[in-house]
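> Below is a structure I'd like to ask you about.
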Amino acid sequence: MSEATFPTGRVELEIPARTEFVSLVRLVVASAAEIGPDMSVDRVEDLRVAVSEATTNAIEAHNESGSNERVGVQCAVSEDEVVVMIHDQGHGFDPANLEALPAPESPERLRYESGLGVFLMQALADESEIMSGPTGTDVRLVVYSSKRASTD
Amino acid sequence: MQIVVHTHLVDSWTVLTVAGELDVVGGPELRQHVMTATQTGASNLVFDLTGVDFIDSFGLGVLVGALKRVRMVDGDLRLVIPERRVRRVLDVCDLDRVFVIADTVEIAIGAEPVAWSK
């Protein structure tokens with residue numbers, strides 16, 4: 001008898017490039033992730049922060065480029081992981097150009113009122129990938145289930 | 001409106017009790033409250049974030065901006081964050097080494113300040 005497998009679920013959202021919609025994206029992605037059979041509350045929380053950063057960046061990219069297009073969010077929940085893709089049609093950026101953060105005790109660190117977003121995405125997701133070009137940016141965030149994390 | 005802020009005094013400290021989400025919407029709202037408090041002469045602030053259930057880099061940016069603002073007038077900013085999940089976001093960014101972070105307003109006010117150089 002084969003073991004019953006958890007069916008992969010998929011949610012897609014298209015939101016206007018307005019910051020008021022970031023909390024809706026967090027809510028939908030976190031609720032979807034909680035359906036995963038082995039997703040711990042802490043990991044859902046990590047994903048919530050990472051998705052918030054990526055979605056806000058996408059909205060700001062549209063606002064900076066004057067785009068009226070919607071920002072796309074796809075969330076796929078399976079037994080092993082939650083994968084979230086955030087797509088924008090802004091002007092893109094070079095992730096390699098992001099500055100490294102100064103040490104926390106350095107007075108220089110307090111210059112960094114912004115710029116922690118990409119750092120947080122990378123620190124909190126198990127996988128994070130930024131694919132950016134002149135016609136837009138795709139961010140892929142993956143958080144593993146506790147089952148996968150324990151077998152990897 | 002993403003957040004609700006109430007302000008009261010405890011000794012020489014101005015305590016801002018914040019409820020809601022400190023993100024790209026709630027962060028700037030808090031910044032406005034900080035401006036109002038500092039413009040009326042407050043330099044020792046406590047943010048009681050017990051009622052905050054979410055923070056991301058935009059919220060962190062406002063905390064760091066507020067700390068810089070009060071340090072310019074030799075004041076201080078202390079944080080009350082009992083919720084472990086919110087605290088984790090600050091810890092990941094090493095901001096636990098920049099701020100006094102406590103579980104209650106009383107402990108935050110009584111704590112030794114974090115050493116810093118101008």
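Each chain in the structure tokens gets a letter, A, B, ..., in the order shown, and its residues are numbered from 1; ligands are numbered from 1 in order too.
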With a distance cut-off of 10 Å and only C-alpha atoms, select the neighbouring residues of B:Thr38, excluding the residue or stretch itself and same-chain residues fewer than 3 positions from it, and output the selection as a VMD selection string.
chain B and resid 14 33 to 35 41 to 45 66 69 to 70 73
> List the neighbours of stretch 8-23 of chain A out to 7 Å using only C-alpha atoms; skip same-chain residues closer than 6 positions along the sequence, and give me the result as a PyMOL selection string.
(chain A and resi 52+55-56+59+62-63+70-78) or (chain B and resi 24-25)
> As a PyMOL selection string, please: all residues of chain B that backbone DSSP puts in alpha helix (DSSP H).
chain B and resi 26-39+57-71+84-92+105-110
> Specify as a PyMOL selection string all residues of chain B found within 9 Å of chain A, counting only C-alpha atoms.
chain B and resi 2+21+23-25+54-58+60-65+67-68+85+89+92-98+115-118
> What are the DSSP strand (DSSP E or B) residues of stretch 22-118 of chain A, as JSON, numbers by chain?
{"A": [71, 72, 73, 74, 75, 76, 77, 81, 82, 83, 84, 85, 86, 87, 88]}
> Give me the residues near stretch 108-112 of chain B as a list of chain:residue names, where near means some atom within 10 Å (using only C-alpha atoms) and where sequence neighbours in that chain fewer than 4 positions away do not count.
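Neighbouring residues, sequence-local ones excluded: B:Val10, B:Asp11, B:Ser12, B:Trp13, B:Val15, B:Asn44, B:Leu45, B:Val46, B:Phe47, B:Asp48, B:Leu77, B:Arg78, B:Leu79, B:Val80, B:Ile81, B:Val100, B:Ile101, B:Ala102, B:Asp103, B:Thr104.
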> Could you take the residues named above and write them with C-alpha atoms, as a JSON list (two decimals), in the first residue's frame?

[["chain", "number", "residue", "atom", "x", "y", "z"],
["B", 10, "VAL", "CA", 6.72, 57.00, 33.31],
["B", 11, "ASP", "CA", 9.19, 59.12, 35.32],
["B", 12, "SER", "CA", 11.37, 60.86, 32.71],
["B", 13, "TRP", "CA", 10.45, 58.35, 29.99],
["B", 15, "VAL", "CA", 6.29, 55.47, 26.59],
["B", 44, "ASN", "CA", 14.00, 59.36, 26.47],
["B", 45, "LEU", "CA", 11.59, 57.03, 24.71],
["B", 46, "VAL", "CA", 10.28, 53.54, 25.31],
["B", 47, "PHE", "CA", 8.43, 51.73, 22.51],
["B", 48, "ASP", "CA", 6.17, 49.13, 24.10],
["B", 77, "LEU", "CA", 15.22, 54.59, 23.02],
["B", 78, "ARG", "CA", 14.40, 51.28, 24.66],
["B", 79, "LEU", "CA", 12.18, 48.52, 23.34],
["B", 80, "VAL", "CA", 9.68, 46.24, 25.04],
["B", 81, "ILE", "CA", 9.23, 43.08, 22.95],
["B", 100, "VAL", "CA", 17.99, 47.62, 25.12],
["B", 101, "ILE", "CA", 15.21, 45.06, 24.54],
["B", 102, "ALA", "CA", 13.17, 43.91, 27.55],
["B", 103, "ASP", "CA", 9.98, 42.01, 28.36],
["B", 104, "THR", "CA", 8.32, 44.84, 30.31]]
> As an exercise, work out the distance from atom CA of A:Ser65 to atom CA of A:His91 in Å and give it to one decimal place.
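Taking atom CA of A:Ser65 as the start and atom CA of A:His91 as the end point, the length is 6.3 Å.
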> Excluding B:Gly26 and any residue of its chain fewer than 6 positions from it, enumerate the residues within 8 Å of it, using only C-alpha atoms, and give them as a ChimeraX atom specification.
/B:1-3,20,59
> Show which residues sit within 8 Å of A:Arg140, as a list of chain:residue names. Count only C-alpha atoms, and ignore same-chain residues fewer than 6 positions away.
A:Val83, A:Val84, A:Met85, A:Ile86, A:Glu127, A:Ser128, A:Glu129, A:Ile130
> Please produce an output containing N, CA and C atoms for each residue in the selection, written as a PDB file, in the first residue's frame.

ATOM      1  N   VAL A  83       6.884  27.234  -1.721  1.00  0.00           N
ATOM      2  CA  VAL A  83       7.641  28.045  -2.674  1.00  0.00           C
ATOM      3  C   VAL A  83       6.797  29.258  -3.034  1.00  0.00           C
ATOM      4  N   VAL A  84       7.371  30.449  -2.874  1.00  0.00           N
ATOM      5  CA  VAL A  84       6.656  31.675  -3.216  1.00  0.00           C
ATOM      6  C   VAL A  84       7.456  32.413  -4.285  1.00  0.00           C
ATOM      7  N   MET A  85       6.762  32.800  -5.353  1.00  0.00           N
ATOM      8  CA  MET A  85       7.386  33.587  -6.428  1.00  0.00           C
ATOM      9  C   MET A  85       6.724  34.955  -6.441  1.00  0.00           C
ATOM     10  N   ILE A  86       7.522  36.000  -6.443  1.00  0.00           N
ATOM     11  CA  ILE A  86       6.992  37.369  -6.526  1.00  0.00           C
ATOM     12  C   ILE A  86       7.548  37.990  -7.803  1.00  0.00           C
ATOM     13  N   GLU A 127      15.789  29.024   0.937  1.00  0.00           N
ATOM     14  CA  GLU A 127      16.383  29.362  -0.355  1.00  0.00           C
ATOM     15  C   GLU A 127      15.809  30.712  -0.768  1.00  0.00           C
ATOM     16  N   SER A 128      16.656  31.583  -1.300  1.00  0.00           N
ATOM     17  CA  SER A 128      16.131  32.822  -1.871  1.00  0.00           C
ATOM     18  C   SER A 128      16.935  33.128  -3.115  1.00  0.00           C
ATOM     19  N   GLU A 129      16.231  33.511  -4.146  1.00  0.00           N
ATOM     20  CA  GLU A 129      16.876  33.752  -5.421  1.00  0.00           C
ATOM     21  C   GLU A 129      16.265  35.018  -6.010  1.00  0.00           C
ATOM     22  N   ILE A 130      17.112  35.917  -6.487  1.00  0.00           N
ATOM     23  CA  ILE A 130      16.632  37.150  -7.110  1.00  0.00           C
ATOM     24  C   ILE A 130      17.100  37.140  -8.556  1.00  0.00           C
TER      25      ILE A 130
END
> Please compute the atom CA of B:Ala37-atom CA of B:His6 distance, one decimal, in Å.
11.2 Å
> Can you pull out the residues contacting A:Glu81? Cut-off 8 Å, using only C-alpha atoms, and skip same-chain residues under 4 positions away; I want them as a compact mmCIF listing (two decimals) with N, CA and C atoms, in the first residue's frame.

# COMPACT_ATOMS: atom_id res chain seq x y z
N GLY A 36 0.30 23.30 4.92
CA GLY A 36 1.34 22.27 4.76
C GLY A 36 1.41 21.41 6.01
N MET A 39 4.68 22.12 8.50
CA MET A 39 5.23 23.48 8.50
C MET A 39 5.07 24.06 9.90
N VAL A 77 2.25 25.09 -2.17
CA VAL A 77 2.44 24.37 -0.90
C VAL A 77 2.47 22.88 -1.17
N VAL A 142 11.89 29.96 -0.74
CA VAL A 142 11.49 28.61 -0.36
C VAL A 142 11.73 28.41 1.13
N VAL A 143 10.71 27.87 1.80
CA VAL A 143 10.87 27.46 3.19
C VAL A 143 10.54 25.99 3.28
N TYR A 144 11.44 25.22 3.90
CA TYR A 144 11.26 23.77 3.98
C TYR A 144 10.33 23.39 5.13
N SER A 145 9.62 22.29 4.94
CA SER A 145 8.83 21.73 6.04
C SER A 145 9.78 21.09 7.05
N ARG A 148 11.19 17.80 5.71
CA ARG A 148 12.31 17.89 4.76
C ARG A 148 13.57 18.36 5.48
> Do you have the atom CA of A:Asp80-atom CA of A:Asp38 distance handy?
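Going from atom CA of A:Asp80 over to atom CA of A:Asp38, I get 7.7 Å.
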> I'd like to know which of A:Glu79, A:Glu60, A:Glu34, A:Asp88 is closest to A:Asp138, using only C-alpha atoms.
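Under the stated criterion, the closest residue is A:Asp88.
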